[in-house]
Every structure is written in structure tokens, then in C-alpha cells.
>>> print(open('upload_8.txt').read())   # compact mmCIF, C-alpha atoms
# COMPACT_ATOMS: atom_id res chain seq x y z
CA MET Z 1251 9.76 -15.03 3.98
CA TRP Z 1252 8.59 -11.53 3.08
CA ARG Z 1253 9.08 -9.33 6.16
CA ALA Z 1254 7.31 -6.10 7.11
CA THR Z 1255 8.56 -3.92 9.96
CA ILE Z 1256 6.46 -1.00 11.16
CA LEU Z 1257 7.85 1.87 13.22
CA THR Z 1258 4.97 3.59 14.99
CA LEU Z 1259 3.83 5.30 18.17
CA PHE Z 1260 0.83 2.96 18.19
CA PRO Z 1261 2.03 -0.63 17.67
CA GLU Z 1262 -1.25 -1.89 19.12
CA MET Z 1263 -2.91 -0.84 15.86
CA PHE Z 1264 -1.23 -3.80 14.15
CA PRO Z 1265 -1.98 -6.23 12.67
CA GLY Z 1266 -5.51 -4.81 12.72
CA PRO Z 1267 -7.27 -5.75 9.47
CA LEU Z 1268 -4.06 -7.39 8.27
CA GLY Z 1269 -4.72 -10.13 10.80
CA LEU Z 1270 -7.95 -11.11 9.04
CA SER Z 1271 -8.99 -12.71 5.75
CA LEU Z 1272 -6.29 -13.70 3.25
CA ALA Z 1273 -3.57 -11.52 4.77
CA GLY Z 1274 -4.31 -12.90 8.24
CA GLU Z 1275 -4.28 -16.49 7.02
CA GLY Z 1276 -0.96 -15.88 5.32
CA LEU Z 1277 0.42 -14.27 8.45
CA ALA Z 1278 -0.68 -17.20 10.62
CA GLY Z 1279 0.65 -19.65 8.05
CA GLY Z 1280 4.10 -18.10 7.93
CA LEU Z 1281 3.85 -16.77 4.37
CA TRP Z 1282 4.87 -13.32 5.59
CA SER Z 1283 5.78 -11.69 8.89
CA LEU Z 1284 4.81 -8.43 10.58
CA GLU Z 1285 6.66 -6.67 13.38
CA ALA Z 1286 5.34 -3.45 14.88
CA ARG Z 1287 7.97 -1.59 16.91
CA ASN Z 1288 7.26 1.29 19.26
CA ILE Z 1289 9.21 4.44 18.38
CA ARG Z 1290 8.74 5.68 21.93
CA ALA Z 1291 11.11 2.95 23.15
CA HIS Z 1292 13.83 5.22 21.80
CA GLY Z 1293 12.33 8.42 23.22
CA LEU Z 1294 14.29 10.83 25.39
CA GLY Z 1295 14.07 11.48 29.11
CA ARG Z 1296 11.66 10.26 31.73
CA HIS Z 1297 8.67 10.86 29.47
CA ARG Z 1298 10.23 9.19 26.40
CA ALA Z 1299 9.80 12.33 24.28
CA VAL Z 1300 9.79 11.75 20.53
CA ASP Z 1301 8.97 15.23 19.26
CA ASP Z 1302 9.76 18.93 19.70
CA THR Z 1303 8.57 22.32 18.48
CA PRO Z 1304 9.23 23.15 14.81
CA ALA Z 1305 12.31 25.22 14.02
CA GLY Z 1306 11.23 28.66 12.80
CA GLY Z 1307 7.97 28.46 14.72
CA GLY Z 1308 4.53 27.28 13.74
CA PRO Z 1309 1.81 25.01 15.06
CA GLY Z 1310 2.14 21.46 16.25
CA MET Z 1311 5.17 19.30 16.93
CA VAL Z 1312 7.77 17.58 14.74
CA MET Z 1313 9.19 14.09 15.30
CA ARG Z 1314 12.88 14.27 16.19
CA ALA Z 1315 15.56 13.01 13.81
CA ASP Z 1316 17.73 11.53 16.57
CA VAL Z 1317 14.87 9.52 18.04
CA LEU Z 1318 13.78 8.24 14.65
CA ALA Z 1319 17.35 7.38 13.67
CA ALA Z 1320 17.68 5.22 16.77
CA ALA Z 1321 14.39 3.48 16.01
CA ILE Z 1322 15.27 2.84 12.37
CA ASP Z 1323 18.78 1.60 13.13
CA ALA Z 1324 17.49 -0.81 15.75
CA ALA Z 1325 14.87 -2.22 13.39
CA ALA Z 1326 16.84 -2.24 10.15
CA PRO Z 1327 20.66 -2.30 10.41
CA ALA Z 1328 22.77 -1.05 7.51
CA ASP Z 1329 22.93 -4.53 5.94
CA ASP Z 1330 19.13 -4.83 5.79
CA ALA Z 1331 18.31 -4.69 2.07
CA ARG Z 1332 14.63 -3.83 2.53
CA PRO Z 1333 13.53 -0.37 1.32
CA ARG Z 1334 12.82 2.14 4.08
CA LEU Z 1335 9.52 3.90 3.47
CA LEU Z 1336 7.86 6.94 5.02
CA MET Z 1337 4.11 7.24 4.55
CA SER Z 1338 3.62 10.90 3.61
CA PRO Z 1339 1.01 12.93 1.67
CA ARG Z 1340 3.86 14.60 -0.21
CA GLY Z 1341 5.35 11.27 -1.32
CA ALA Z 1342 5.30 9.58 -4.70
CA PRO Z 1343 1.88 8.01 -5.40
CA LEU Z 1344 1.63 4.31 -4.62
CA THR Z 1345 0.96 2.42 -7.86
CA GLN Z 1346 0.45 -1.23 -8.70
CA LYS Z 1347 3.83 -1.20 -10.44
CA ARG Z 1348 5.49 0.03 -7.25
CA VAL Z 1349 3.63 -2.58 -5.21
CA ARG Z 1350 4.98 -5.35 -7.43
CA GLU Z 1351 8.50 -3.96 -7.00
CA PHE Z 1352 8.11 -4.16 -3.22
CA VAL Z 1353 6.71 -7.70 -3.47
CA ALA Z 1354 9.71 -8.80 -5.52
CA GLY Z 1355 12.06 -7.89 -2.67
CA GLU Z 1356 12.60 -9.16 0.86
CA GLY Z 1357 9.97 -6.92 2.43
CA VAL Z 1358 9.66 -3.32 3.63
CA VAL Z 1359 10.43 -1.14 6.63
CA ILE Z 1360 7.75 1.53 7.11
CA LEU Z 1361 8.00 4.62 9.29
CA CYS Z 1362 4.61 6.03 10.33
CA GLY Z 1363 4.79 9.73 11.04
CA ARG Z 1364 2.56 11.68 13.41
CA PHE Z 1365 2.00 15.30 14.46
CA GLU Z 1366 3.25 17.81 11.83
CA GLY Z 1367 5.61 15.26 10.33
CA VAL Z 1368 9.24 14.25 10.74
CA ASP Z 1369 12.49 16.20 10.75
CA GLU Z 1370 13.63 16.48 7.13
CA ARG Z 1371 17.12 15.37 8.06
CA ILE Z 1372 16.02 11.83 8.94
CA ILE Z 1373 14.61 11.43 5.42
CA GLU Z 1374 17.98 12.35 3.97
CA ALA Z 1375 20.15 10.55 6.53
CA ARG Z 1376 18.34 7.20 6.28
CA ALA Z 1377 17.36 7.40 2.60
CA LEU Z 1378 13.64 7.16 3.30
CA GLN Z 1379 11.36 6.81 0.28
CA GLU Z 1380 8.23 8.92 0.78
CA ILE Z 1381 5.06 7.15 -0.36
CA SER Z 1382 1.54 8.61 -0.62
CA ILE Z 1383 -1.74 6.69 -0.94
CA GLY Z 1384 -3.70 9.75 -2.10
CA ASP Z 1385 -4.14 13.48 -2.13
CA TYR Z 1386 -5.48 13.84 1.39
CA VAL Z 1387 -4.11 13.99 4.92
CA LEU Z 1388 -4.56 11.34 7.62
CA SER Z 1389 -3.88 11.64 11.35
CA GLY Z 1390 -0.82 9.42 10.97
CA GLY Z 1391 0.89 6.95 8.70
CA GLU Z 1392 -0.53 3.76 10.19
CA ILE Z 1393 -3.64 3.44 8.03
CA ALA Z 1394 -1.61 4.29 4.93
CA ALA Z 1395 0.93 1.63 5.93
CA MET Z 1396 -1.87 -0.93 6.25
CA ALA Z 1397 -3.10 -0.06 2.76
CA LEU Z 1398 0.39 -0.51 1.31
CA LEU Z 1399 0.91 -3.81 3.11
CA ASP Z 1400 -2.47 -5.17 2.06
CA ALA Z 1401 -1.68 -4.33 -1.57
CA CYS Z 1402 1.64 -6.15 -1.28
CA VAL Z 1403 0.66 -9.17 0.80
CA ARG Z 1404 -2.20 -10.25 -1.44
CA LEU Z 1405 0.31 -10.72 -4.28
CA LEU Z 1406 2.67 -12.96 -2.32
CA PRO Z 1407 2.84 -16.60 -3.45
CA GLY Z 1408 0.25 -18.73 -1.69
CA ILE Z 1409 -1.97 -15.87 -0.48
CA MET Z 1410 -4.61 -15.85 -3.24
CA GLY Z 1411 -6.24 -19.06 -4.35
CA GLU Z 1412 -5.89 -18.46 -8.09
CA ALA Z 1413 -2.51 -17.42 -9.45
CA THR Z 1414 -4.23 -15.28 -12.09
CA SER Z 1415 -6.49 -13.47 -9.63
CA GLY Z 1416 -4.06 -10.57 -9.28
CA GLU Z 1417 -3.34 -10.28 -12.97
CA GLU Z 1418 -6.75 -9.20 -14.29
CA GLU Z 1419 -7.52 -6.40 -11.87
CA SER Z 1420 -7.57 -2.63 -12.09
CA PHE Z 1421 -4.18 -1.06 -12.87
CA GLU Z 1422 -2.42 -4.32 -13.72
CA SER Z 1423 -2.80 -3.61 -17.45
CA GLY Z 1424 -3.00 0.15 -17.09
CA LEU Z 1425 -6.81 -0.01 -17.30
CA LEU Z 1426 -9.58 -0.18 -14.73
CA GLU Z 1427 -11.06 -3.63 -14.28
CA TYR Z 1428 -14.00 -4.73 -16.42
CA PRO Z 1429 -17.44 -5.25 -14.77
CA GLN Z 1430 -18.04 -8.54 -12.95
CA TYR Z 1431 -21.30 -10.54 -12.72
CA THR Z 1432 -22.56 -13.69 -11.03
CA ARG Z 1433 -25.89 -15.39 -10.24
CA PRO Z 1434 -28.77 -14.71 -10.35
CA ARG Z 1435 -28.95 -14.27 -14.11
CA ASP Z 1436 -31.58 -11.55 -13.68
CA PHE Z 1437 -31.57 -9.07 -10.79
CA GLU Z 1438 -34.30 -6.43 -10.51
CA GLY Z 1439 -34.68 -6.32 -14.29
CA ARG Z 1440 -30.94 -6.21 -14.94
CA ALA Z 1441 -29.57 -9.23 -16.81
CA ILE Z 1442 -26.04 -10.54 -17.12
CA PRO Z 1443 -24.76 -9.58 -20.62
CA ASP Z 1444 -25.44 -12.42 -23.04
CA VAL Z 1445 -21.85 -12.51 -24.28
CA LEU Z 1446 -20.67 -13.71 -20.86
CA LEU Z 1447 -23.02 -16.70 -21.02
CA GLY Z 1448 -22.26 -17.79 -24.58
CA GLY Z 1449 -19.10 -19.76 -23.91
CA ASP Z 1450 -17.04 -18.01 -26.63
CA HIS Z 1451 -13.88 -17.14 -24.71
CA ALA Z 1452 -12.47 -14.92 -27.45
CA LYS Z 1453 -15.65 -12.81 -27.51
CA ILE Z 1454 -15.70 -12.68 -23.72
CA ALA Z 1455 -12.08 -11.48 -23.63
CA ARG Z 1456 -12.80 -8.79 -26.22
CA TRP Z 1457 -15.96 -7.67 -24.39
CA ARG Z 1458 -14.05 -7.40 -21.13
CA HIS Z 1459 -11.27 -5.41 -22.75
CA ASP Z 1460 -13.74 -3.01 -24.41
CA ARG Z 1461 -15.62 -2.46 -21.16
CA ALA Z 1462 -12.33 -1.84 -19.32
CA VAL Z 1463 -11.37 0.79 -21.90
CA GLU Z 1464 -14.80 2.46 -21.63
CA LEU Z 1465 -14.62 2.63 -17.85
CA THR Z 1466 -11.08 3.94 -17.90
CA ARG Z 1467 -11.93 6.59 -20.51
CA ALA Z 1468 -14.88 7.76 -18.41
CA ARG Z 1469 -13.29 7.66 -14.95
CA ARG Z 1470 -9.51 7.78 -15.37
CA PRO Z 1471 -8.54 9.23 -18.77
CA ASP Z 1472 -5.09 9.89 -17.32
CA LEU Z 1473 -4.44 6.15 -17.34
CA LEU Z 1474 -5.20 5.93 -21.06
CA ALA Z 1475 -2.87 8.86 -21.68
CA ARG Z 1476 -0.06 6.95 -19.99
CA ARG Z 1477 -0.70 4.04 -22.35
CA GLY Z 1478 -0.14 6.32 -25.31
CA GLY Z 1479 -3.67 7.41 -26.11
CA GLU Z 1480 -7.22 6.11 -26.20
CA GLU Z 1481 -7.83 2.56 -27.30
CA ARG Z 1482 -10.65 1.31 -29.42
>>> encode(input="upload_8.txt", output="C-alpha cells")
Amino acid sequence: MWRATILTLFPEMFPGPLGLSLAGEGLAGGLWSLEARNIRAHGLGRHRAVDDTPAGGGPGMVMRADVLAAAIDAAAPADDARPRLLMSPRGAPLTQKRVREFVAGEGVVILCGRFEGVDERIIEARALQEISIGDYVLSGGEIAAMALLDACVRLLPGIMGEATSGEEESFESGLLEYPQYTRPRDFEGRAIPDVLLGGDHAKIARWRHDRAVELTRARRPDLLARRGGEER
């Protein structure tokens, strides 16, 4: 079973949306597991402190390395092969390729930071991989962790009804996904393209590819550059 462990100050946020729809059905059916552990259980003193003022001064508070080390070690001992992730705006961008790498393993351990961040030494000492879901800042890592888990869980065997559903989507081929249509055939003067109704699967495949290239060129030319240049 693919296992996800979340280290957070707000375990009550989980499973949240992950408890619904396909991810929730998979969770209830035992296709994957989710454990949310409270970092504050390893806090210091009567008030279970988990943070302190930043060395060198500055605003806000920083999560302590010793507290986080205790939380990580309790959740994922040294023989736990799962990657240890830290959701961070300065991390490497989360990509579909990276998601598939996570899915191919035993699961993930995710640390959700808060305040001004975490002591740099815990990143080094526990080999945390910093992951970002975009160039913006959230109040904490929990929502980012949910996004990562949703991207992973939907690709697990048995979650999606069609095995090919996850193979023809944006980023799987390095292109954005082609446009999709369904009934009614005409909607407010806009018709489904005739090629999609003709039954010629080769023409349909070519049309979809061409539309995917057009969309990618218009919206994400960087993706085409990674593929070695623009396609025709």
C-alpha cells in the first residue's frame, strides 16, 4: 500500500478534500493510507513550543530543528525508504515527472512548515527534499501537501476508472492537453469540431496533437522548448 505521512501543526486539516471523490474512495478502500501527525506532540515545555525567534533578528518565528527532528524520527525511522519532503516556495517545482517518481515508490513523508519557515539545519540533517507547487507563498505547507498528494494518488492503480485516463493529460507528453467536448453537439452557436464526430481515429489523434501543440505554444512555450523546439 502507498503510504503518506504528514507532519503538521494542524492535523485536523487532513484528509480534507483528499477524503472525497476518487482519492477518498481509494482511501476508504485501502488503496492508499494517510496519517497526519501533530508536530506539537514533540514540542518543548508546558506549552509544547515548536518555534523560536530567528537567529540574527528579523520578523516572525522559525520552527526549531530539534523539535522537527523528533517529529520526523518518530514518523519515519532511518529504515523508512520513503522520500522526506518539505513543502517550500524555494523548492524544486513539482512536475508530472516528479509525481510519477513518487508514485513508483512506497509513499512520501511530508513536513508542512509554518511561520517564517524551518531551521535550515533540519533540511540538511534529515535530507529533506524541498518541493514547490508554484511561485507564490501560502500560510503553510498543508495546502501544498494536499496538492502533491492529490496528484500522486490519482495515478495509483485502481483509483481512476480508465487506465489510460492519466496518460493523455497536460504535461504527460510535455504538452498541454487538447480541448475536450461532449454533448450537446451545438451549444450557443458553438459546434463540436466535425473531425471528432467522423469516426476516423487517425485524424482525431492528429487533430488532438495539433491542438495540444497550439495551446502549448500560446500558453506555455517553455514546455515546447524543453521538447527541443516547436512542433508542427
>>> closest_residue(input="upload_8.txt", among="Z:Arg1350, Z:Arg1364, Z:Arg1456, Z:Arg1332", to="Ile1289 (chain Z)", atoms="only C-alpha atoms")
Z:Arg1364
>>> closest_residue(input="upload_8.txt", among="Z:Thr1303, Z:Thr1255, Z:Leu1281, Z:Pro1309", to="Pro1407 (chain Z)", atoms="only C-alpha atoms")
Z:Leu1281
>>> residues_around(input="upload_8.txt", residues="Glu1427 (chain Z)", least_positions_apart="3", cutoff="10 Å", atoms="only C-alpha atoms", output="PyMOL selection string")
chain Z and resi 1418-1424+1430+1458-1459+1461-1463+1465-1466
>>> atom_distance(input="upload_8.txt", atom1="CA of Pro1333 (chain Z)", atom2="CA of Leu1378 (chain Z)")
7.8 Å
>>> closest_residue(input="upload_8.txt", among="Z:Val1358, Z:Val1353, Z:Leu1335, Z:Ala1475", to="Arg1404 (chain Z)", atoms="all atoms listed in the file")
Z:Val1353
>>> residues_around(input="upload_8.txt", residues="Ser1283 (chain Z)", least_positions_apart="4", cutoff="9 Å", atoms="all atoms listed in the file", output="list in words")
Met1251, Trp1252, Arg1253, Ala1254, Thr1255, Gly1276, Leu1277 and Ala1278 of chain Z
>>> residues_around(input="upload_8.txt", residues="region 1386-1400 of chain Z", least_positions_apart="3", cutoff="8 Å", atoms="only C-alpha atoms", output="ChimeraX atom specification")
/Z:1254,1258,1263,1267-1268,1273,1336-1339,1344,1349,1360-1365,1382-1383,1403-1404
